>>> print(open('protein.txt').read())   # compact mmCIF, C-alpha atoms
# COMPACT_ATOMS: atom_id res chain seq x y z
CA MET A 1 146.74 8.92 26.77
CA LEU A 2 143.74 8.23 24.58
CA GLY A 3 145.59 9.22 21.43
CA ASP A 4 146.84 5.76 20.43
CA LEU A 5 143.79 3.54 20.58
CA ASP A 6 144.13 0.12 19.04
CA PHE A 7 140.99 -1.91 18.51
CA SER A 8 142.70 -4.74 16.58
CA PRO A 9 142.73 -7.20 19.56
CA LEU A 10 138.93 -6.84 19.66
CA LEU A 11 138.64 -7.55 15.95
CA GLU A 12 140.97 -10.53 16.18
CA SER A 13 139.05 -12.01 19.12
CA TRP A 14 135.54 -11.21 17.98
CA ARG A 15 134.54 -14.89 17.95
CA TYR A 16 135.68 -15.25 21.56
CA LEU A 17 133.65 -12.21 22.57
CA ALA A 18 130.63 -13.21 20.51
CA ALA A 19 130.58 -16.60 22.25
CA GLY A 20 130.63 -14.72 25.56
CA LEU A 21 127.71 -12.61 24.44
CA GLY A 22 125.87 -15.82 23.58
CA VAL A 23 126.43 -17.09 27.14
CA THR A 24 125.20 -13.75 28.55
CA LEU A 25 122.00 -13.95 26.50
CA ALA A 26 121.44 -17.65 27.24
CA LEU A 27 121.95 -17.15 30.98
CA SER A 28 119.65 -14.09 30.91
CA ALA A 29 116.90 -15.89 29.00
CA LEU A 30 117.02 -18.98 31.24
CA THR A 31 117.03 -16.82 34.37
CA VAL A 32 114.11 -14.68 33.22
CA VAL A 33 111.97 -17.75 32.44
CA SER A 34 112.78 -19.59 35.68
CA SER A 35 112.39 -16.39 37.75
CA LEU A 36 108.98 -15.68 36.27
CA LEU A 37 107.81 -19.23 37.06
CA LEU A 38 109.27 -19.34 40.58
CA GLY A 39 108.31 -15.72 41.28
CA ALA A 40 104.72 -16.31 40.16
CA ALA A 41 104.47 -19.37 42.41
CA ILE A 42 105.89 -17.44 45.38
CA GLY A 43 103.76 -14.37 44.67
CA PHE A 44 100.48 -16.33 44.45
CA ALA A 45 101.31 -18.40 47.53
CA ARG A 46 102.07 -15.22 49.43
CA VAL A 47 98.86 -13.42 48.47
CA TYR A 48 96.39 -16.32 48.48
CA GLY A 49 98.13 -18.93 50.65
CA PRO A 50 97.65 -19.59 54.39
CA VAL A 51 99.10 -17.08 56.84
CA TRP A 52 102.12 -19.17 57.89
CA ILE A 53 103.21 -19.74 54.27
CA SER A 54 102.71 -16.07 53.59
CA ARG A 55 104.95 -15.17 56.57
CA ILE A 56 107.75 -17.50 55.46
CA LEU A 57 107.64 -16.19 51.89
CA THR A 58 107.61 -12.56 53.05
CA PHE A 59 110.71 -13.32 55.10
CA TYR A 60 112.37 -14.93 52.07
CA ILE A 61 111.52 -11.99 49.77
CA ASP A 62 112.71 -9.38 52.26
CA SER A 63 115.93 -11.34 52.86
CA MET A 64 116.66 -11.37 49.12
CA ARG A 65 116.06 -7.63 49.06
CA ALA A 66 118.66 -7.27 51.83
CA ILE A 67 121.53 -9.41 50.46
CA PRO A 68 123.64 -8.30 47.43
CA VAL A 69 123.50 -10.49 44.29
CA LEU A 70 127.29 -10.83 44.43
CA VAL A 71 127.01 -12.44 47.86
CA VAL A 72 124.31 -14.87 46.72
CA LEU A 73 126.36 -15.79 43.63
CA VAL A 74 129.59 -16.36 45.52
CA TRP A 75 127.82 -18.31 48.26
CA MET A 76 126.03 -20.52 45.74
CA TYR A 77 129.23 -21.32 43.88
CA PHE A 78 131.75 -21.71 46.72
CA ALA A 79 129.78 -22.48 49.90
CA PHE A 80 126.74 -24.43 48.69
CA PRO A 81 128.83 -27.45 47.53
CA LEU A 82 130.32 -27.72 51.04
CA VAL A 83 126.83 -27.97 52.56
CA ALA A 84 125.12 -30.05 49.89
CA GLY A 85 128.05 -32.20 48.79
CA ILE A 86 127.35 -31.53 45.12
CA SER A 87 129.18 -28.82 43.23
CA LEU A 88 127.48 -26.93 40.43
CA PRO A 89 129.33 -25.79 37.31
CA PRO A 90 129.70 -21.96 37.26
CA PHE A 91 126.92 -21.45 34.69
CA TRP A 92 124.34 -23.40 36.69
CA ALA A 93 125.45 -21.94 40.01
CA ALA A 94 124.93 -18.49 38.49
CA TRP A 95 121.57 -19.54 37.09
CA ALA A 96 120.41 -20.86 40.48
CA ALA A 97 121.65 -17.81 42.40
CA LEU A 98 120.20 -15.28 39.95
CA THR A 99 116.87 -17.14 39.87
CA LEU A 100 116.60 -17.13 43.67
CA HIS A 101 117.32 -13.41 43.64
CA VAL A 102 115.20 -12.25 40.71
CA ALA A 103 112.22 -14.49 41.63
CA ALA A 104 111.88 -12.54 44.88
CA TYR A 105 111.47 -9.33 42.86
CA VAL A 106 108.98 -10.98 40.50
CA ALA A 107 106.94 -12.17 43.49
CA GLU A 108 106.91 -8.63 44.90
CA ILE A 109 105.81 -7.19 41.53
CA LEU A 110 103.00 -9.75 41.27
CA ARG A 111 101.79 -8.94 44.78
CA ALA A 112 101.78 -5.19 44.08
CA GLY A 113 99.91 -5.80 40.81
CA ILE A 114 97.23 -7.92 42.48
CA LYS A 115 96.89 -5.50 45.41
CA SER A 116 96.40 -2.59 42.97
CA ILE A 117 93.08 -4.05 41.79
CA ARG A 118 90.49 -2.66 44.19
CA SER A 119 88.91 -5.24 46.48
CA GLY A 120 85.44 -4.03 45.51
CA GLN A 121 85.93 -5.77 42.18
CA THR A 122 86.72 -9.08 43.85
CA ARG A 123 83.72 -8.75 46.15
CA ALA A 124 81.45 -7.85 43.25
CA ALA A 125 82.68 -10.86 41.25
CA LEU A 126 82.15 -13.16 44.26
CA ALA A 127 78.68 -11.69 44.75
CA LEU A 128 77.91 -12.57 41.13
CA GLY A 129 78.61 -16.19 42.01
CA MET A 130 82.10 -16.57 40.49
CA SER A 131 84.48 -19.03 42.13
CA GLY A 132 87.78 -17.91 43.66
CA VAL A 133 89.73 -19.21 40.67
CA GLN A 134 87.38 -17.43 38.26
CA VAL A 135 87.71 -14.15 40.16
CA VAL A 136 91.49 -14.28 39.98
CA GLY A 137 91.67 -15.60 36.41
CA LYS A 138 88.96 -13.48 34.81
CA VAL A 139 88.81 -10.28 36.85
CA VAL A 140 92.00 -9.62 38.80
CA LEU A 141 94.81 -11.01 36.63
CA PRO A 142 93.84 -9.59 33.21
CA GLN A 143 94.10 -6.07 34.68
CA ALA A 144 96.99 -6.76 37.05
CA VAL A 145 99.23 -8.26 34.35
CA ILE A 146 98.93 -5.12 32.21
CA ARG A 147 99.81 -2.94 35.20
CA MET A 148 102.78 -5.16 35.97
CA LEU A 149 104.23 -4.89 32.46
CA PRO A 150 106.67 -2.00 33.06
CA ALA A 151 108.02 -3.63 36.22
CA LEU A 152 108.30 -7.05 34.55
CA GLY A 153 110.13 -5.40 31.65
CA SER A 154 112.63 -3.96 34.09
CA VAL A 155 113.15 -7.50 35.41
CA VAL A 156 114.54 -8.40 31.98
CA SER A 157 117.05 -5.54 31.96
CA VAL A 158 117.99 -6.06 35.62
CA THR A 159 118.64 -9.75 34.86
CA ILE A 160 120.89 -8.96 31.89
CA LYS A 161 122.82 -6.49 34.04
CA ASP A 162 123.08 -8.97 36.93
CA THR A 163 124.50 -11.71 34.70
CA ALA A 164 127.60 -9.51 34.37
CA ILE A 165 128.23 -10.10 38.08
CA ALA A 166 128.49 -13.83 37.29
CA ALA A 167 131.94 -12.95 35.90
CA THR A 168 133.12 -13.07 39.53
CA ILE A 169 132.49 -16.84 39.63
CA ALA A 170 134.12 -17.36 36.21
CA VAL A 171 131.02 -17.89 34.08
CA PRO A 172 132.45 -17.36 30.57
CA GLU A 173 129.92 -14.64 29.69
CA TYR A 174 130.62 -11.33 27.97
CA MET A 175 131.92 -9.47 31.04
CA GLU A 176 134.32 -12.27 31.99
CA ARG A 177 135.59 -12.61 28.41
CA SER A 178 136.15 -8.84 28.26
CA GLN A 179 138.21 -9.04 31.45
CA THR A 180 140.27 -11.90 30.05
CA LEU A 181 140.82 -10.14 26.75
CA ALA A 182 141.71 -6.88 28.48
CA GLY A 183 144.31 -8.74 30.53
CA GLN A 184 145.81 -10.60 27.58
CA SER A 185 145.89 -7.74 25.10
CA PHE A 186 146.83 -4.97 27.58
CA ARG A 187 144.06 -2.92 25.95
CA PRO A 188 141.58 -2.41 28.82
CA VAL A 189 140.49 1.02 27.54
CA GLU A 190 139.32 -0.31 24.18
CA VAL A 191 137.90 -3.58 25.54
CA PHE A 192 135.88 -2.11 28.42
CA THR A 193 134.62 0.86 26.40
CA THR A 194 133.42 -1.55 23.71
CA ALA A 195 131.78 -3.69 26.39
CA MET A 196 129.86 -0.64 27.68
CA ILE A 197 128.56 0.11 24.20
CA VAL A 198 127.62 -3.53 23.58
CA TYR A 199 125.64 -3.77 26.83
CA PHE A 200 123.96 -0.43 26.10
CA ILE A 201 122.95 -1.59 22.62
CA ILE A 202 121.30 -4.67 24.14
CA LEU A 203 119.71 -3.02 27.16
CA PHE A 204 118.44 0.27 25.76
CA PRO A 205 116.11 -1.22 23.10
CA ALA A 206 114.90 -3.77 25.67
CA THR A 207 113.73 -1.01 28.04
CA ARG A 208 112.30 1.06 25.18
CA ALA A 209 110.36 -1.90 23.73
CA VAL A 210 108.67 -2.56 27.06
CA ASP A 211 107.79 1.13 27.45
CA MET A 212 106.21 1.20 24.00
CA LEU A 213 104.31 -2.04 24.56
CA TYR A 214 102.97 -0.66 27.84
CA ARG A 215 101.82 2.60 26.25
CA ARG A 216 99.87 0.58 23.68
CA LEU A 217 98.26 -1.65 26.30
CA ALA A 218 97.94 0.68 29.31
CA HIS A 219 94.26 1.38 28.66
CA LEU A 220 93.47 -2.32 29.22
CA GLY A 221 94.72 -2.09 32.79
CA ARG A 222 92.59 0.89 33.81
CA SER A 223 89.59 0.38 35.98
CA MET B 224 133.97 -31.64 56.97
CA THR B 225 134.10 -29.77 60.24
CA PHE B 226 133.32 -26.11 60.53
CA ASP B 227 135.06 -23.59 62.70
CA TRP B 228 132.77 -20.66 63.34
CA GLY B 229 135.25 -19.13 65.77
CA ILE B 230 137.06 -17.78 62.71
CA VAL B 231 134.32 -15.18 62.23
CA TRP B 232 134.72 -13.89 65.78
CA HIS B 233 138.49 -13.98 65.42
CA TYR B 234 138.34 -11.55 62.49
CA ARG B 235 135.62 -9.36 64.02
CA ALA B 236 137.76 -6.20 63.93
CA ALA B 237 138.49 -6.54 60.19
CA LEU B 238 134.85 -7.29 59.44
CA ALA B 239 133.75 -4.28 61.48
CA ASP B 240 136.13 -2.10 59.45
CA GLY B 241 134.56 -3.53 56.31
CA VAL B 242 131.08 -2.63 57.54
CA VAL B 243 132.23 0.91 58.32
CA MET B 244 133.68 1.22 54.82
CA THR B 245 130.46 -0.10 53.23
CA VAL B 246 128.34 2.43 55.14
CA LEU B 247 130.80 5.23 54.40
CA LEU B 248 130.78 4.41 50.69
CA ALA B 249 126.97 4.32 50.54
CA VAL B 250 126.62 7.62 52.45
CA ALA B 251 129.27 9.39 50.36
CA THR B 252 127.67 8.15 47.14
CA MET B 253 124.23 9.43 48.19
CA LEU B 254 125.70 12.79 49.22
CA ILE B 255 127.05 13.15 45.68
CA ALA B 256 124.15 11.54 43.85
CA ILE B 257 121.33 13.61 45.38
CA PRO B 258 122.69 17.00 44.19
CA GLY B 259 123.84 15.24 41.01
CA GLY B 260 120.36 13.88 40.42
CA ILE B 261 118.73 17.26 41.06
CA VAL B 262 121.07 19.00 38.60
CA LEU B 263 120.43 16.32 35.94
CA ALA B 264 116.65 16.50 36.50
CA LEU B 265 116.61 20.30 36.17
CA MET B 266 118.76 20.03 33.04
CA ARG B 267 116.34 17.47 31.62
CA LEU B 268 113.41 19.87 32.22
CA SER B 269 115.31 22.83 30.75
CA PRO B 270 113.76 24.57 27.74
CA LEU B 271 117.20 24.53 26.08
CA ARG B 272 117.17 21.48 23.81
CA PRO B 273 120.91 20.60 23.91
CA VAL B 274 120.97 20.80 27.72
CA ALA B 275 117.93 18.53 28.03
CA ALA B 276 119.35 16.11 25.46
CA ALA B 277 122.74 15.93 27.20
CA SER B 278 121.05 15.07 30.48
CA ALA B 279 118.82 12.47 28.80
CA CYS B 280 121.83 10.79 27.17
CA PHE B 281 123.76 10.70 30.44
CA VAL B 282 120.83 9.22 32.36
CA GLU B 283 119.89 6.63 29.74
CA PHE B 284 123.49 5.54 29.24
CA PHE B 285 124.33 4.97 32.89
CA ARG B 286 121.00 3.27 33.61
CA ASN B 287 121.55 0.82 30.77
CA ILE B 288 124.96 -0.66 31.54
CA PRO B 289 125.87 -3.15 34.27
CA LEU B 290 127.31 -1.45 37.35
CA ILE B 291 130.15 -3.97 37.65
CA LEU B 292 131.30 -3.00 34.15
CA LEU B 293 131.15 0.68 35.10
CA VAL B 294 133.35 -0.12 38.10
CA TYR B 295 135.95 -1.81 35.87
CA TRP B 296 135.68 1.00 33.34
CA ALA B 297 136.26 3.63 36.03
CA PHE B 298 139.25 1.62 37.24
CA TYR B 299 140.99 1.12 33.87
CA VAL B 300 139.74 3.88 31.58
CA MET B 301 139.04 6.92 33.77
CA PRO B 302 142.68 7.45 34.86
CA VAL B 303 143.80 7.22 31.22
CA ALA B 304 141.04 9.48 29.93
CA ILE B 305 141.49 12.18 32.57
CA GLY B 306 145.18 11.65 33.23
CA ILE B 307 144.86 11.46 37.04
CA GLU B 308 145.44 8.40 39.23
CA PHE B 309 142.62 7.79 41.67
CA SER B 310 142.61 5.68 44.84
CA ALA B 311 140.46 2.53 44.74
CA PHE B 312 137.97 4.24 47.07
CA ALA B 313 137.65 7.31 44.84
CA THR B 314 137.27 5.10 41.76
CA GLY B 315 134.52 3.05 43.38
CA LEU B 316 132.83 6.21 44.62
CA ALA B 317 132.91 7.71 41.12
CA ALA B 318 131.37 4.61 39.52
CA LEU B 319 128.62 4.34 42.15
CA SER B 320 127.90 8.09 41.96
CA LEU B 321 127.51 8.04 38.17
CA ASN B 322 125.10 5.13 38.44
CA VAL B 323 123.00 6.44 41.34
CA SER B 324 122.92 10.03 39.98
CA ALA B 325 121.29 8.70 36.82
CA TYR B 326 118.62 6.86 38.84
CA ASN B 327 118.03 9.85 41.13
CA ALA B 328 117.64 12.16 38.12
CA GLU B 329 114.68 10.08 36.93
CA THR B 330 113.23 10.07 40.46
CA PHE B 331 113.42 13.85 40.83
CA ARG B 332 112.13 14.47 37.32
CA ALA B 333 109.14 12.19 37.91
CA GLY B 334 108.49 13.93 41.25
CA ILE B 335 108.48 17.43 39.76
CA VAL B 336 106.51 16.46 36.63
CA SER B 337 103.88 14.68 38.74
CA ILE B 338 102.66 18.01 40.20
CA ARG B 339 100.08 19.27 37.71
CA ARG B 340 100.95 22.57 36.04
CA GLY B 341 97.57 24.02 36.92
CA GLN B 342 98.67 24.19 40.55
CA GLY B 343 101.68 26.33 39.76
CA GLU B 344 99.65 28.55 37.47
CA ALA B 345 96.93 28.95 40.11
CA ALA B 346 99.51 29.91 42.73
CA LEU B 347 101.08 32.45 40.36
CA ALA B 348 97.63 33.88 39.68
CA LEU B 349 97.16 34.31 43.44
CA GLY B 350 100.21 36.59 43.39
CA MET B 351 102.89 34.20 44.72
CA SER B 352 106.42 34.57 43.39
CA ARG B 353 108.02 31.73 41.40
CA TRP B 354 110.21 30.89 44.37
CA GLN B 355 107.17 30.78 46.67
CA VAL B 356 105.35 28.54 44.20
CA MET B 357 108.29 26.14 44.13
CA ARG B 358 108.78 26.15 47.90
CA GLN B 359 105.22 26.23 49.16
CA VAL B 360 103.28 24.42 46.44
CA VAL B 361 105.42 22.14 44.29
CA LEU B 362 108.20 20.89 46.60
CA PRO B 363 106.10 19.85 49.63
CA GLN B 364 104.09 17.57 47.33
CA ALA B 365 107.04 16.43 45.24
CA VAL B 366 108.97 15.35 48.36
CA ARG B 367 106.22 12.91 49.28
CA ARG B 368 106.59 11.27 45.90
CA VAL B 369 110.38 11.37 45.77
CA LEU B 370 111.19 10.16 49.29
CA PRO B 371 109.91 6.57 48.99
CA VAL B 372 111.76 6.06 45.69
CA LEU B 373 114.97 7.55 47.12
CA ALA B 374 114.66 5.15 50.05
CA SER B 375 114.42 2.19 47.65
CA THR B 376 117.42 3.48 45.72
CA TRP B 377 119.35 3.70 49.00
CA VAL B 378 118.74 0.01 49.73
CA SER B 379 119.90 -0.93 46.21
CA LEU B 380 122.96 1.27 46.59
CA PHE B 381 123.81 -0.31 49.94
CA LYS B 382 123.90 -3.72 48.26
CA ASP B 383 125.65 -2.45 45.14
CA THR B 384 128.61 -1.20 47.18
CA SER B 385 129.62 -4.89 47.30
CA LEU B 386 130.54 -4.65 43.59
CA VAL B 387 133.47 -2.31 44.20
CA SER B 388 135.17 -5.24 45.96
CA VAL B 389 136.36 -6.28 42.46
CA ILE B 390 138.74 -3.30 42.34
CA GLY B 391 139.99 -3.82 45.89
CA VAL B 392 138.05 -1.29 47.94
CA SER B 393 138.20 -2.82 51.42
CA GLU B 394 134.48 -2.88 52.16
CA LEU B 395 132.58 -5.78 53.70
CA ALA B 396 132.55 -8.10 50.66
CA TYR B 397 136.24 -7.55 49.89
CA VAL B 398 137.31 -8.07 53.51
CA SER B 399 135.22 -11.25 53.81
CA LEU B 400 136.53 -12.68 50.54
CA GLN B 401 140.11 -11.87 51.56
CA ILE B 402 139.76 -13.64 54.91
CA ARG B 403 138.19 -16.58 53.08
CA SER B 404 141.18 -16.99 50.78
CA GLN B 405 143.70 -16.56 53.62
CA THR B 406 142.09 -19.04 56.01
CA PHE B 407 140.31 -21.39 53.56
CA ARG B 408 137.29 -21.16 55.88
CA ILE B 409 135.06 -20.80 52.82
CA LEU B 410 131.64 -21.76 54.16
CA GLU B 411 132.09 -19.91 57.44
CA MET B 412 133.27 -16.64 55.90
CA LEU B 413 130.80 -16.59 53.02
CA THR B 414 127.91 -17.37 55.34
CA ALA B 415 129.10 -14.72 57.79
CA MET B 416 129.30 -12.20 54.94
CA ALA B 417 125.74 -13.00 53.86
CA ALA B 418 124.54 -12.85 57.47
CA ILE B 419 126.15 -9.44 58.09
CA TYR B 420 124.63 -8.00 54.91
CA TRP B 421 121.31 -9.47 55.97
CA LEU B 422 121.53 -7.96 59.47
CA LEU B 423 122.27 -4.55 57.96
CA GLY B 424 119.91 -4.75 54.99
CA TYR B 425 116.81 -6.44 56.42
CA PRO B 426 115.84 -3.57 58.76
CA GLN B 427 116.47 -1.14 55.89
CA ALA B 428 114.12 -3.07 53.59
CA LYS B 429 111.45 -3.04 56.30
CA LEU B 430 112.01 0.68 56.88
CA VAL B 431 111.56 1.33 53.16
CA ASP B 432 108.23 -0.53 53.23
CA TRP B 433 107.16 1.65 56.14
CA ILE B 434 108.18 4.83 54.27
CA HIS B 435 106.21 3.66 51.23
CA ARG B 436 103.12 3.10 53.41
CA ARG B 437 103.58 6.37 55.29
CA TYR B 438 104.47 8.71 52.43
CA GLY B 439 103.51 6.77 49.32
CA VAL B 440 100.93 8.49 47.13
CA SER B 441 98.30 6.19 45.66
CA GLU B 442 96.36 7.64 42.77
>>> encode(input="protein.txt", output="C-alpha cells")
Amino acid sequence: MLGDLDFSPLLESWRYLAAGLGVTLALSALTVVSSLLLGAAIGFARVYGPVWISRILTFYIDSMRAIPVLVVLVWMYFAFPLVAGISLPPFWAAWAALTLHVAAYVAEILRAGIKSIRSGQTRAALALGMSGVQVVGKVVLPQAVIRMLPALGSVVSVTIKDTAIAATIAVPEYMERSQTLAGQSFRPVEVFTTAMIVYFIILFPATRAVDMLYRRLAHLGRS
Amino acid sequence: MTFDWGIVWHYRAALADGVVMTVLLAVATMLIAIPGGIVLALMRLSPLRPVAAASACFVEFFRNIPLILLVYWAFYVMPVAIGIEFSAFATGLAALSLNVSAYNAETFRAGIVSIRRGQGEAALALGMSRWQVMRQVVLPQAVRRVLPVLASTWVSLFKDTSLVSVIGVSELAYVSLQIRSQTFRILEMLTAMAAIYWLLGYPQAKLVDWIHRRYGVSE
C-alpha cells in the first residue's frame, strides 16, 4: 500500500541522481544544437535545392517520421558498430540517433515556415531587384522564423523527453539512474514518482517560456 | 562478419504476431483516447472552475513527462496505488491512453474553440436548438480541423507503442529484441525491426500528409 512511503534512498543518493540529471540536460542541449544545424541544412536543401536532392531528403524525413526513436537508438548502438566497425559509447550513440531523428522534424518545421510566407512576397522582392539570397535572408526568413517559434520550442521539450528513451541503451541519464536506484532500493514507487515530478518541473516551464516568447513576438510574423 | 538474413524469415510467425500486437495496442489506445480526449476537452471548456482546472492539470502533467517514464510508473506504481495487478498489456494500454488522451484533449479543445462564437450565436438567433447548432454548425467545421491533427497523433502513437516493450508487452519491438538476444543475430534482427516499422509507418506518414492537404484549413 501507499501508506509506508520511504523517500530516504532518494535523499541518500541525491548526488547520483543529480549527476544523471546533468547527463540528461547535457545530452538534450547537445542534441538540440546539432539537430537545429542539421535540420536547417536539410530543410534549406529540400526547399531550395535541386529536385533530386529534394526527393532524397523528403524520403529521409518521411522515413524518420515512420520509425520509432527507440528503434533508431537501439540500431545505432548495437547494429551500427557491426556495419561500420567502430563502436560508439552509449552517450554518443544516443546523441547521433536522437540528432538524426530530431533533425528530420526541424527540417519539416523549417519547410512549413518557409512555405507559409506567400509566394507573392518572394516575387515582389525579386521584381524589386533583390538577389535570391537577399529574398530569403531579408524577406522570407525574418517572418518564417517567428512563425516557427512554437514548433521549435516543442522540439526542445520533445528532445528532453526522448533522451529518457536513451536509458534503454544504458546512457547514465536521469531515467536510467532512476531505474537503477529503484532496483537497488526496492522503492520504485518513490523513485519513479519523484522522477515524474522532476521531469515535469523541467519540461513545463520550458513549454510555457516558449509560449510566452511567441505571444510577445507573434506580431512580427504577421503579413 | 557474415550475415544470415534467413533468420528473419525463420522467425516470420513471431514477428507477424508482434505486428498484430502493435496494431492492436495502437487501435485500443485510440479507442480509449478519443472519448477520453473529448471528455477532457469538454471539462476544460466547462464554466465550473474546479472542473476546468482539474482537466488542465491532467493534460499539462501528462504532456510534460516522458512516455517511457509513464510506462515504468504504470508498471511499478499503479498496482500499488490502486491495489490491483494488471497484465503487461493492460499496463501498457493504460500508460499510452493517459498520454494520448492528454494530447487529444488539446486537439479537440482547439477544434471547438477555433469556431468563432458569432456563428453559434447567429444560428441560435435563426431559431436553431443548441443541439442543432452543435451538430449542424460547429461540429462539421471542427472535424475538418481536428481530423488532420488526430491523424498525426495516430502516427506518433503507432511509433510510441514500441516503448511498452520495456515492460514486456510482446509487440514488434519486444519480439524483435527477444529474437536478437536468443540468436545473437543483432544486425539482422535490428535492421528487420526497423524495416518492418518503416513498411508500416511510411504509408501512414504519407496518408497523414494527404489528409492535411485534403482537410487542412489554412487561414
>>> residues_around(input="protein.txt", residues="Val356 (chain B)", least_positions_apart="3", cutoff="8 Å", atoms="only C-alpha atoms", output="list in words")
Gly343, Ala346, Leu347, Met351, Ser352, Arg353, Gln359, Val360 and Val361 of chain B
>>> residues_around(input="protein.txt", residues="His101 (chain A)", least_positions_apart="2", cutoff="8 Å", atoms="all atoms listed in the file", output="number ranges by chain")
A: 64, 69, 72, 97-99, 103-105
>>> residues_around(input="protein.txt", residues="Asp240 (chain B)", least_positions_apart="2", cutoff="12 Å", atoms="all atoms listed in the file", output="list in words")
Tyr234, Arg235, Ala236, Ala237, Leu238, Val242, Val243, Met244, Thr245, Val246, Leu247, Val392, Ser393, Glu394, Leu395, Ala396, Tyr397, Val398 and Ser399 of chain B
>>> residues_around(input="protein.txt", residues="Gly22 (chain A)", least_positions_apart="5", cutoff="12 Å", atoms="all atoms listed in the file", output="JSON, numbers by chain")
{"A": [15, 16, 17, 27, 28, 29, 160, 163, 171, 172, 173, 174, 175, 177]}
>>> closest_atom_pairs(input="protein.txt", of="chain B", to="chain A", cutoff="6 Å", atoms="all atoms listed in the file", output="Markdown table")
| residue | atom | partner | partner_atom | distance |
| --- | --- | --- | --- | --- |
| B:Asn287 | CA | A:Phe200 | CA | 5.4 |
| B:Ile288 | CA | A:Phe200 | CA | 5.5 |
| B:Pro289 | CA | A:Lys161 | CA | 4.5 |
| B:Trp296 | CA | A:Phe192 | CA | 5.8 |
| B:Val300 | CA | A:Val189 | CA | 5.0 |
| B:Val303 | CA | A:Met1 | CA | 5.6 |
| B:Lys382 | CA | A:Pro68 | CA | 4.7 |
| B:Leu410 | CA | A:Ala79 | CA | 4.7 |
| B:Leu413 | CA | A:Trp75 | CA | 5.9 |
| B:Tyr420 | CA | A:Ile67 | CA | 5.6 |
| B:Trp421 | CA | A:Ala66 | CA | 5.4 |
| B:Gly424 | CA | A:Ala66 | CA | 4.2 |
| B:Tyr425 | CA | A:Ala66 | CA | 5.0 |
>>> decode(input="protein.txt", residues="region 305-322 of chain B", atoms="N, CA and C atoms", output="mmCIF file, in the first residue's frame")
data_model
loop_
_atom_site.group_PDB
_atom_site.id
_atom_site.type_symbol
_atom_site.label_atom_id
_atom_site.label_comp_id
_atom_site.auth_asym_id
_atom_site.auth_seq_id
_atom_site.Cartn_x
_atom_site.Cartn_y
_atom_site.Cartn_z
ATOM 1 N N ILE B 305 -3.478 1.441 -6.716
ATOM 2 C CA ILE B 305 -4.884 1.022 -6.853
ATOM 3 C C ILE B 305 -5.140 -0.284 -6.132
ATOM 4 N N GLY B 306 -4.087 -1.098 -5.974
ATOM 5 C CA GLY B 306 -4.255 -2.368 -5.291
ATOM 6 C C GLY B 306 -4.711 -3.497 -6.192
ATOM 7 N N ILE B 307 -4.593 -3.322 -7.524
ATOM 8 C CA ILE B 307 -4.972 -4.383 -8.463
ATOM 9 C C ILE B 307 -3.770 -4.698 -9.341
ATOM 10 N N GLU B 308 -3.523 -6.003 -9.587
ATOM 11 C CA GLU B 308 -2.462 -6.392 -10.508
ATOM 12 C C GLU B 308 -2.987 -6.340 -11.936
ATOM 13 N N PHE B 309 -2.231 -5.682 -12.812
ATOM 14 C CA PHE B 309 -2.636 -5.632 -14.208
ATOM 15 C C PHE B 309 -1.704 -6.502 -15.035
ATOM 16 N N SER B 310 -2.210 -6.990 -16.199
ATOM 17 C CA SER B 310 -1.328 -7.676 -17.138
ATOM 18 C C SER B 310 -0.422 -6.629 -17.771
ATOM 19 N N ALA B 311 0.678 -7.089 -18.407
ATOM 20 C CA ALA B 311 1.592 -6.146 -19.057
ATOM 21 C C ALA B 311 0.841 -5.357 -20.132
ATOM 22 N N PHE B 312 -0.034 -6.048 -20.873
ATOM 23 C CA PHE B 312 -0.779 -5.390 -21.942
ATOM 24 C C PHE B 312 -1.652 -4.270 -21.382
ATOM 25 N N ALA B 313 -2.389 -4.574 -20.303
ATOM 26 C CA ALA B 313 -3.274 -3.571 -19.707
ATOM 27 C C ALA B 313 -2.472 -2.386 -19.167
ATOM 28 N N THR B 314 -1.299 -2.692 -18.589
ATOM 29 C CA THR B 314 -0.447 -1.617 -18.063
ATOM 30 C C THR B 314 0.028 -0.698 -19.184
ATOM 31 N N GLY B 315 0.522 -1.317 -20.262
ATOM 32 C CA GLY B 315 0.975 -0.537 -21.414
ATOM 33 C C GLY B 315 -0.154 0.288 -22.002
ATOM 34 N N LEU B 316 -1.323 -0.347 -22.107
ATOM 35 C CA LEU B 316 -2.503 0.330 -22.660
ATOM 36 C C LEU B 316 -2.881 1.537 -21.796
ATOM 37 N N ALA B 317 -2.816 1.368 -20.476
ATOM 38 C CA ALA B 317 -3.153 2.465 -19.567
ATOM 39 C C ALA B 317 -2.200 3.639 -19.752
ATOM 40 N N ALA B 318 -0.876 3.330 -19.809
ATOM 41 C CA ALA B 318 0.115 4.403 -19.958
ATOM 42 C C ALA B 318 -0.076 5.144 -21.276
ATOM 43 N N LEU B 319 -0.247 4.390 -22.364
ATOM 44 C CA LEU B 319 -0.433 5.019 -23.675
ATOM 45 C C LEU B 319 -1.723 5.836 -23.698
ATOM 46 N N SER B 320 -2.786 5.308 -23.074
ATOM 47 C CA SER B 320 -4.082 6.008 -23.102
ATOM 48 C C SER B 320 -4.009 7.320 -22.339
ATOM 49 N N LEU B 321 -3.337 7.331 -21.190
ATOM 50 C CA LEU B 321 -3.190 8.572 -20.425
ATOM 51 C C LEU B 321 -2.476 9.626 -21.269
ATOM 52 N N ASN B 322 -1.403 9.197 -21.917
ATOM 53 C CA ASN B 322 -0.602 10.109 -22.727
ATOM 54 C C ASN B 322 -1.411 10.651 -23.920
#
